[in-house]
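Printed here is protein16.txt (compact mmCIF, C-alpha atoms and all ligand atoms):
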# COMPACT_ATOMS: atom_id res chain seq x y z
CA MET V 1 22.17 31.11 11.06
CA ASN V 2 20.60 33.78 13.30
CA ASN V 3 18.48 33.11 16.39
CA ASP V 4 15.17 33.38 14.57
CA GLN V 5 16.28 30.90 11.94
CA ASN V 6 17.55 28.56 14.63
CA ASN V 7 14.18 28.69 16.41
CA GLU V 8 12.39 28.01 13.16
CA LYS V 9 14.69 25.07 12.45
CA GLU V 10 14.11 23.68 15.92
CA LYS V 11 10.32 24.02 15.58
CA PHE V 12 10.49 22.35 12.16
CA GLU V 13 12.53 19.45 13.52
CA GLN V 14 10.23 18.99 16.48
CA LYS V 15 7.27 18.90 14.13
CA THR V 16 8.94 16.81 11.47
CA TYR V 17 10.65 14.14 13.55
CA PRO V 18 8.04 12.92 16.02
CA THR V 19 9.36 9.36 15.63
CA ASN V 20 9.92 8.70 19.31
CA LEU V 21 6.49 10.05 20.20
CA ILE V 22 4.75 7.93 17.61
CA ASN V 23 6.69 4.85 18.67
CA GLN V 24 5.61 5.44 22.27
CA GLU V 25 1.99 5.85 21.19
CA ILE V 26 1.98 2.58 19.31
CA GLY V 27 4.13 0.80 21.86
CA LEU V 28 7.05 0.24 19.51
CA PRO V 29 10.56 0.35 20.96
CA ASN V 30 12.61 3.15 19.42
CA SER V 31 15.38 0.77 18.45
CA THR V 32 13.13 -0.78 15.77
CA ILE V 33 13.24 2.38 13.69
CA SER V 34 16.80 1.80 12.56
CA GLY V 35 17.34 0.42 9.08
CA GLU V 36 16.12 1.39 5.65
CA ALA V 37 12.47 1.76 4.75
CA ARG V 38 11.10 -0.61 2.12
CA THR V 39 9.64 1.40 -0.74
CA ILE V 40 7.12 -0.62 -2.72
CA VAL V 41 5.15 0.59 -5.73
CA VAL V 42 1.73 -0.98 -6.26
CA THR V 43 1.17 -1.13 -9.98
CA SER V 44 -0.77 -2.99 -12.70
CA GLY V 45 -0.84 -1.45 -16.16
CA LYS V 46 -4.59 -1.99 -16.51
CA GLY V 47 -6.84 0.27 -14.44
CA GLY V 48 -9.54 -0.90 -12.06
CA VAL V 49 -7.88 -4.18 -11.05
CA GLY V 50 -7.49 -3.27 -7.35
CA LYS V 51 -4.26 -1.30 -6.84
CA THR V 52 -5.83 1.26 -4.53
CA THR V 53 -7.79 -1.39 -2.62
CA ALA V 54 -4.58 -3.38 -2.18
CA THR V 55 -2.53 -0.34 -1.09
CA ALA V 56 -5.12 0.65 1.55
CA ASN V 57 -5.59 -2.85 2.97
CA LEU V 58 -1.95 -3.98 2.89
CA GLY V 59 -0.87 -0.63 4.35
CA MET V 60 -3.41 -0.84 7.16
CA SER V 61 -2.52 -4.46 7.86
CA ILE V 62 1.22 -3.77 8.07
CA ALA V 63 0.55 -0.77 10.34
CA ARG V 64 -1.53 -3.00 12.62
CA LEU V 65 1.41 -5.38 12.83
CA GLY V 66 3.35 -2.53 14.46
CA TYR V 67 5.30 -0.98 11.59
CA ARG V 68 5.29 2.67 10.58
CA VAL V 69 3.72 2.89 7.13
CA ALA V 70 3.38 5.82 4.72
CA LEU V 71 1.04 5.51 1.75
CA ILE V 72 1.57 7.78 -1.24
CA ASP V 73 -1.37 8.39 -3.56
CA ALA V 74 0.36 9.00 -6.89
CA ASP V 75 -2.93 8.62 -8.79
CA ILE V 76 -3.59 12.27 -9.56
CA GLY V 77 -7.00 13.36 -10.76
CA LEU V 78 -8.41 9.94 -9.97
CA ARG V 79 -7.20 10.24 -6.37
CA ASN V 80 -9.17 7.84 -4.17
CA LEU V 81 -6.87 6.28 -1.61
CA ASP V 82 -8.05 8.99 0.81
CA LEU V 83 -11.66 7.84 0.33
CA LEU V 84 -10.83 4.20 0.98
CA LEU V 85 -9.14 5.19 4.21
CA GLY V 86 -11.89 7.65 5.21
CA LEU V 87 -9.35 10.50 5.28
CA GLU V 88 -10.78 12.64 2.47
CA ASN V 89 -11.80 15.53 4.73
CA ARG V 90 -8.45 15.74 6.44
CA ILE V 91 -6.30 16.53 3.41
CA LEU V 92 -5.41 20.21 3.47
CA TYR V 93 -2.05 19.96 1.74
CA THR V 94 -0.55 17.71 -0.89
CA ALA V 95 2.98 17.01 -2.12
CA MET V 96 2.47 19.78 -4.70
CA ASP V 97 2.10 22.25 -1.82
CA ILE V 98 5.36 20.99 -0.29
CA LEU V 99 7.16 21.42 -3.62
CA GLU V 100 5.71 24.92 -4.01
CA GLY V 101 6.88 25.83 -0.51
CA GLN V 102 3.34 26.22 0.86
CA CYS V 103 3.70 23.66 3.67
CA ARG V 104 6.03 21.22 5.38
CA LEU V 105 6.10 17.47 4.81
CA ASP V 106 4.55 16.74 8.20
CA GLN V 107 1.57 18.97 7.33
CA ALA V 108 0.85 17.02 4.16
CA LEU V 109 1.38 13.60 5.75
CA ILE V 110 -2.06 12.84 7.17
CA ARG V 111 -2.02 10.45 10.12
CA ASP V 112 -4.80 7.90 10.33
CA LYS V 113 -7.14 8.40 13.30
CA ARG V 114 -7.30 4.71 14.12
CA TRP V 115 -3.69 3.69 13.56
CA LYS V 116 -1.36 6.61 14.19
CA ASN V 117 1.57 4.77 12.62
CA LEU V 118 -0.21 4.90 9.23
CA SER V 119 0.08 8.10 7.19
CA LEU V 120 -1.14 9.23 3.79
CA LEU V 121 0.46 11.67 1.37
CA SER V 122 -1.43 12.71 -1.76
CA ILE V 123 0.60 14.06 -4.63
CA SER V 124 -1.96 16.48 -6.00
CA LYS V 125 -5.63 17.28 -5.70
CA ASN V 126 -6.09 18.00 -9.37
CA ARG V 127 -4.40 17.48 -12.68
CA GLN V 128 -3.83 21.17 -13.39
CA ARG V 129 -1.45 21.37 -10.49
CA TYR V 130 0.46 18.25 -11.40
CA ASN V 131 4.03 19.05 -12.19
CA VAL V 132 6.09 16.49 -10.33
CA THR V 133 9.40 15.20 -11.65
CA ARG V 134 11.13 11.89 -10.91
CA LYS V 135 13.67 13.80 -8.82
CA ASN V 136 10.80 15.37 -6.83
CA MET V 137 9.35 11.94 -6.13
CA GLU V 138 12.71 10.54 -5.09
CA ASN V 139 13.32 13.47 -2.73
CA LEU V 140 9.86 13.14 -1.20
CA VAL V 141 10.43 9.45 -0.49
CA LYS V 142 13.88 10.18 0.97
CA SER V 143 12.35 12.77 3.31
CA ILE V 144 9.65 10.30 4.40
CA CYS V 145 12.34 7.64 5.03
CA SER V 146 14.22 10.06 7.25
CA LEU V 147 11.12 10.33 9.44
CA GLY V 148 11.63 6.71 10.50
CA TYR V 149 8.99 4.93 8.41
CA HIS V 150 9.48 1.21 7.83
CA PHE V 151 7.30 0.86 4.72
CA ILE V 152 6.36 3.29 1.97
CA LEU V 153 3.66 2.04 -0.40
CA ILE V 154 3.09 4.03 -3.59
CA ASP V 155 -0.32 3.66 -5.25
CA CYS V 156 0.45 3.95 -8.94
CA PRO V 157 -1.84 5.53 -11.56
CA ALA V 158 -3.16 3.32 -14.38
CA GLY V 159 -1.28 3.28 -17.65
CA ILE V 160 2.43 3.51 -18.37
CA ASP V 161 2.93 7.20 -19.07
CA VAL V 162 4.67 9.92 -17.08
CA GLY V 163 2.59 9.34 -13.92
CA PHE V 164 3.66 5.69 -13.89
CA ILE V 165 7.35 6.51 -14.44
CA ASN V 166 7.25 9.09 -11.62
CA ALA V 167 5.52 6.68 -9.26
CA ILE V 168 7.99 3.84 -9.84
CA SER V 169 11.18 5.91 -9.78
CA PRO V 170 11.68 6.02 -5.97
CA ALA V 171 10.69 2.35 -5.49
CA GLU V 172 13.00 -0.60 -4.91
CA GLU V 173 10.26 -3.21 -4.95
CA ALA V 174 6.99 -3.62 -6.80
CA LEU V 175 3.71 -5.33 -6.23
CA ILE V 176 2.01 -6.14 -9.53
CA VAL V 177 -1.75 -6.46 -9.21
CA THR V 178 -3.78 -8.32 -11.81
CA THR V 179 -7.13 -10.01 -12.15
CA PRO V 180 -7.29 -13.50 -13.74
CA GLU V 181 -8.28 -11.98 -17.10
CA ILE V 182 -6.13 -12.11 -20.18
CA THR V 183 -6.20 -8.32 -20.78
CA ALA V 184 -5.06 -7.54 -17.24
CA ILE V 185 -2.40 -10.28 -17.37
CA ARG V 186 -0.99 -8.93 -20.61
CA ASP V 187 -0.72 -5.44 -19.11
CA ALA V 188 0.84 -6.86 -15.95
CA ASP V 189 3.46 -8.60 -18.10
CA ARG V 190 4.21 -5.35 -19.90
CA VAL V 191 4.56 -3.53 -16.59
CA ALA V 192 6.88 -6.25 -15.26
CA GLY V 193 9.15 -5.62 -18.27
CA LEU V 194 9.06 -1.86 -17.73
CA LEU V 195 9.89 -2.29 -14.04
CA GLU V 196 12.94 -4.36 -14.90
CA ALA V 197 14.00 -1.84 -17.53
CA ASN V 198 13.89 0.75 -14.75
CA GLY V 199 15.99 -1.29 -12.37
CA ILE V 200 13.21 -2.78 -10.21
CA TYR V 201 13.90 -6.52 -10.14
CA ASN V 202 12.11 -7.35 -6.91
CA ALA V 203 8.47 -7.75 -7.98
CA LYS V 204 5.69 -9.82 -6.46
CA LEU V 205 2.27 -10.73 -7.77
CA LEU V 206 -1.15 -10.16 -6.23
CA VAL V 207 -4.03 -11.84 -8.06
CA ASN V 208 -7.27 -10.04 -7.24
CA ARG V 209 -10.98 -10.78 -7.82
CA VAL V 210 -10.46 -14.53 -7.90
CA ARG V 211 -13.66 -16.61 -8.23
CA PRO V 212 -13.05 -20.18 -7.01
CA ASP V 213 -16.48 -21.25 -8.34
CA MET V 214 -15.56 -20.09 -11.86
CA ILE V 215 -12.12 -21.70 -11.63
CA GLN V 216 -13.76 -25.00 -10.68
CA ARG V 217 -15.99 -24.75 -13.77
CA ASN V 218 -12.93 -23.94 -15.90
CA ASP V 219 -14.41 -20.52 -16.66
CA MET V 220 -11.54 -18.63 -15.06
CA MET V 221 -7.79 -19.09 -14.98
CA SER V 222 -6.50 -20.42 -11.69
CA VAL V 223 -4.10 -18.38 -9.55
CA LYS V 224 -1.39 -20.91 -10.36
CA ASP V 225 -1.99 -20.49 -14.11
CA VAL V 226 -1.76 -16.69 -13.79
CA GLN V 227 1.41 -16.96 -11.74
CA GLU V 228 3.01 -19.37 -14.21
CA MET V 229 2.08 -17.18 -17.19
CA LEU V 230 3.74 -14.16 -15.61
CA GLY V 231 6.59 -15.95 -13.86
CA ILE V 232 6.48 -13.53 -10.93
CA PRO V 233 6.58 -14.86 -7.32
CA LEU V 234 3.11 -14.89 -5.81
CA LEU V 235 2.42 -12.69 -2.79
CA GLY V 236 -1.24 -13.56 -2.48
CA ALA V 237 -4.66 -14.04 -4.02
CA ILE V 238 -7.74 -12.03 -3.08
CA PRO V 239 -11.22 -13.39 -3.79
CA GLU V 240 -14.00 -11.43 -5.46
CA ASP V 241 -16.00 -10.14 -2.51
CA ASN V 242 -18.87 -7.64 -2.21
CA HIS V 243 -17.46 -6.55 1.12
CA VAL V 244 -14.66 -4.82 -0.81
CA ILE V 245 -17.22 -2.45 -2.32
CA ILE V 246 -19.00 -1.93 1.01
CA SER V 247 -15.72 -1.14 2.75
CA THR V 248 -14.74 1.30 -0.03
CA ASN V 249 -18.01 3.15 0.41
CA ARG V 250 -17.58 3.28 4.18
CA GLY V 251 -13.95 4.43 4.06
CA GLU V 252 -13.00 1.55 6.33
CA PRO V 253 -10.43 -0.96 5.05
CA LEU V 254 -11.56 -4.60 5.19
CA VAL V 255 -8.72 -5.60 7.47
CA LEU V 256 -10.16 -3.38 10.24
CA LYS V 257 -13.35 -5.42 10.53
CA LYS V 258 -13.74 -7.24 13.84
CA LYS V 259 -15.07 -10.27 12.04
CA LEU V 260 -12.81 -10.60 9.03
CA THR V 261 -14.34 -11.44 5.67
CA LEU V 262 -12.62 -13.82 3.27
CA SER V 263 -11.03 -10.94 1.36
CA GLY V 264 -9.93 -9.37 4.67
CA ILE V 265 -8.22 -12.60 5.71
CA ALA V 266 -6.59 -12.82 2.28
CA PHE V 267 -5.23 -9.26 2.55
CA GLU V 268 -3.90 -9.93 6.07
CA ASN V 269 -2.26 -13.09 4.79
CA ALA V 270 -0.63 -11.16 1.92
CA ALA V 271 0.55 -8.43 4.32
CA ARG V 272 2.17 -11.01 6.58
CA ARG V 273 3.93 -12.55 3.62
CA LEU V 274 5.12 -9.10 2.52
CA ILE V 275 6.83 -8.54 5.86
CA GLY V 276 8.16 -12.10 5.80
CA LYS V 277 6.08 -13.36 8.72
CA GLN V 278 4.16 -16.08 6.98
CA ASP V 279 5.06 -18.72 4.48
CA TYR V 280 1.79 -20.35 3.57
CA PHE V 281 -1.16 -19.33 1.39
CA ILE V 282 -4.75 -19.48 2.49
CA ASP V 283 -7.06 -21.73 0.58
CA LEU V 284 -9.70 -19.50 -1.01
CA THR V 285 -12.25 -22.31 -1.30
CA THR V 286 -11.98 -23.25 2.38
CA PRO V 287 -10.09 -20.34 3.92
CA TYR V 288 -10.31 -21.46 7.50
CA LYS V 289 -8.81 -24.83 6.66
CA GLY V 290 -5.52 -23.14 5.79
CA ILE V 291 -5.20 -21.42 9.13
CA PHE V 292 -6.68 -24.33 11.07
CA GLN V 293 -4.37 -26.75 9.33
CA LYS V 294 -1.40 -24.57 10.23
CA VAL V 295 -2.37 -24.49 13.91
CA GLN V 296 -2.94 -28.27 13.86
CA ASP V 297 0.43 -28.77 12.21
CA ILE V 298 2.10 -26.70 14.89
CA ILE V 299 0.30 -28.56 17.69
CA PHE V 300 0.40 -32.09 16.31
CA GLY V 301 3.34 -31.84 13.98
CA ALA V 302 3.09 -31.66 10.21
P1 LIG Y 401 -7.41 0.47 -9.24
O1 LIG Y 401 -6.79 1.29 -8.15
O2 LIG Y 401 -6.47 -0.58 -9.79
O3 LIG Y 401 -7.98 1.32 -10.34
P2 LIG Y 401 -9.48 -0.10 -7.32
O4 LIG Y 401 -8.76 -0.60 -6.13
O5 LIG Y 401 -9.95 1.31 -7.30
O6 LIG Y 401 -8.63 -0.37 -8.63
O7 LIG Y 401 -10.70 -1.10 -7.59
C1 LIG Y 401 -11.57 -0.90 -8.68
C2 LIG Y 401 -12.98 -1.35 -8.30
O8 LIG Y 401 -13.00 -2.74 -8.09
C3 LIG Y 401 -13.47 -0.72 -7.01
O9 LIG Y 401 -14.83 -0.39 -7.18
C4 LIG Y 401 -13.31 -1.80 -5.99
O10 LIG Y 401 -14.25 -1.71 -4.94
C5 LIG Y 401 -13.53 -3.05 -6.81
N1 LIG Y 401 -12.77 -4.21 -6.29
C6 LIG Y 401 -11.43 -4.29 -6.11
N2 LIG Y 401 -11.08 -5.50 -5.60
C7 LIG Y 401 -12.24 -6.20 -5.45
C8 LIG Y 401 -12.56 -7.52 -4.95
N3 LIG Y 401 -11.61 -8.34 -4.52
N4 LIG Y 401 -13.86 -7.88 -4.92
C9 LIG Y 401 -14.83 -7.05 -5.35
N5 LIG Y 401 -14.60 -5.80 -5.83
C10 LIG Y 401 -13.32 -5.37 -5.88
MG MG Y 402 -6.51 3.39 -8.10
Rewrite the structure from the file as structure tokens, please.
Amino acid sequence: MNNDQNNEKEKFEQKTYPTNLINQEIGLPNSTISGEARTIVVTSGKGGVGKTTATANLGMSIARLGYRVALIDADIGLRNLDLLLGLENRILYTAMDILEGQCRLDQALIRDKRWKNLSLLSISKNRQRYNVTRKNMENLVKSICSLGYHFILIDCPAGIDVGFINAISPAEEALIVTTPEITAIRDADRVAGLLEANGIYNAKLLVNRVRPDMIQRNDMMSVKDVQEMLGIPLLGAIPEDNHVIISTNRGEPLVLKKKLTLSGIAFENAARRLIGKQDYFIDLTTPYKGIFQKVQDIIFGA
């Protein structure tokens, strides 16, 4: 390697491995970066059930808990994770540009303004330029891991075609999102089977758009019913909440709100369970009781 190449390599490494710097910025000791990253694909089968909403909010929540998180938007054409995070104007490069040699990984990994330990990588801006293979996806995730990230969440496209297979191939864990509707549950079941067939045995369930009032009237399946039908361990349940739509339009994840809404609390709760920091579920009918009860239990003994 000549001098010029060496300089280039050095510059690349300085740019690509800012782990220590980022850890300093977020007050994380450098020793916490050791260990493998957890790569989790957020999937559903049926579209529109809340995969992107879940990826944005869980990712932001885990980042706020001090971990380094990379989100991958594998939903090409219908890309919208950038909008939910308010990062749409900052994307200059995508993974396609990396694969075509137009940019480096660190140029396509967009760091969130608010939480610098949260980054976003979009696979492609449009369908015409979508030509990613499973190997490409696996290599991209490996490169992100080597940057010292703790969590990589992949927002999966709807359906079970090539985009789905590509999105799940680098993942070791899956989060299956469903609503309490029979069509979504059936698709979730199908996806669970496909995940197992592809070697992903560690799957958890997120039930979204739950309406306690409808459950009480027997007009909607309960979270427990959904969980029992699918037989997948429950990570959390998110209520139907207009604030989800408002936060999408504002590009500000719910979990960033100073005064958390019910859905925000539910996402935080799910994020804490995902990192293994919490072992109880909030009660969607009286959410504060769950937390209050926990504090009381700690103070007065269960
Ligand atoms: P997917 O990525 O699975 O296609 P999205 O996350 O884009 O689904 O959500 C689809 C739509 O449903 C969006 O308009 C979103 O704002 C809305 N939505 C998702 N979760 C909820 C919820 N808990 N309450 C109300 N609206 C929701
Ligand atoms: Mg989506």
Name all residues at most 10 Å from range 122-138 of chain V (count all atoms listed in the file; drop same-chain ones fewer than 2 positions away) and give them as a ChimeraX atom specification. /V:71-82,91-99,108-110,120,140-144,154-155,162-163,165-171
Kindly extract all protein, DNA and RNA residues lying within 10 Å of the coordinates (-0.1, -17.1, -17.3) given in the file, considering only C-alpha atoms, and supply them as a list in words. Pro180, Glu181, Ile182, Ile185, Arg186, Asp189, Met221, Ser222, Val223, Lys224, Asp225, Val226, Gln227, Glu228, Met229, Leu230, Gly231 and Ile232 of chain V
Pick out the residues no farther than 6 Å from ligand LIG 401 (chain Y), counting all atoms listed in the file, and list them as a ChimeraX atom specification. /V:47-53,208-209,238-242,244-245,248
Per residue of range 96-205 of chain V within 12 Å of range 273-278 of chain V, which atom pair is closest and at what distance in Å (one decimal), using all atoms listed in the file, listed by chain and increasing number, as a tab-separated table?
residue	atom	partner	partner_atom	distance
V:His150	CA	V:Ile275	CA	10.3
V:Phe151	CA	V:Ile275	CA	9.5
V:Leu153	CA	V:Leu274	CA	11.6
V:Glu173	CA	V:Leu274	CA	10.8
V:Ala174	CA	V:Leu274	CA	11.0
V:Leu175	CA	V:Leu274	CA	9.6
V:Asn202	CA	V:Leu274	CA	11.9
V:Ala203	CA	V:Leu274	CA	11.1
V:Lys204	CA	V:Leu274	CA	9.0
V:Leu205	CA	V:Leu274	CA	10.8
Export of prior selection with C-alpha atoms as a compact mmCIF listing (two decimals), in the coordinates of the input:
# COMPACT_ATOMS: atom_id res chain seq x y z
CA HIS V 150 9.48 1.21 7.83
CA PHE V 151 7.30 0.86 4.72
CA LEU V 153 3.66 2.04 -0.40
CA GLU V 173 10.26 -3.21 -4.95
CA ALA V 174 6.99 -3.62 -6.80
CA LEU V 175 3.71 -5.33 -6.23
CA ASN V 202 12.11 -7.35 -6.91
CA ALA V 203 8.47 -7.75 -7.98
CA LYS V 204 5.69 -9.82 -6.46
CA LEU V 205 2.27 -10.73 -7.77
Rounded to one decimal, what separation in Å do you get between CA of Met60 in chain V and CA of Trp115 in chain V?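 Taking CA of Met60 in chain V and CA of Trp115 in chain V, their separation equals 7.8 Å.
Taking only C-alpha atoms into account, those protein, DNA and RNA residues with any atom at most 6 Å away from (-1.6, -12.6, -0.4) amount to V:Leu235, V:Gly236, V:Ala237, V:Ala266, V:Phe267, V:Asn269, V:Ala270.
Nearest residue to Tyr149 in chain V among V:Arg38, V:Lys257, V:His243, V:Arg114 is V:Arg38, counting all atoms listed in the file.
Candidate residues V:Leu194, V:Leu84, V:Ala63, V:Cys103 were compared for distance to ligand MG 402 (chain Y), and the nearest is V:Leu84, using all atoms listed in the file.
Compared by their closest atoms to ligand MG 402 (chain Y), and using all atoms listed in the file, the residues V:Gly59, V:Gly193, V:Thr183, V:Ala158 rank with V:Ala158 nearest.
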Smallest atom-to-atom distance to ligand MG 402 (chain Y): which of V:Val177, V:Glu36, V:Ala184, V:Leu256, using all atoms listed in the file?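 The closest residue to ligand MG 402 (chain Y) is V:Val177.
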I'd like to know which of V:Ser61, V:Ile40, V:Phe164, V:Arg68 is closest to ligand MG 402 (chain Y), using all atoms listed in the file.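 Once distances to ligand MG 402 (chain Y) are computed over all atoms listed in the file, the minimum belongs to V:Phe164.
Our summary of the geometry notes that CA of Asn139 in chain V is positioned 23.2 Å from CA of Gly159 in chain V.
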Quick one: residues within 6 Å of Ile152 in chain V, all atoms listed in the file, excluding same-chain residues fewer than 5 positions away - as a count of residues only? 4
Pairwise distance, CA of Leu234 in chain V with CA of Ile215 in chain V, equals 17.7 Å
Proximity to Glu196 in chain V - best of V:Glu172, V:Gln216, V:Thr55, V:Gln102, all atoms listed in the file: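 Among V:Glu172, V:Gln216, V:Thr55, V:Gln102, it is V:Glu172 that comes nearest to Glu196 in chain V.
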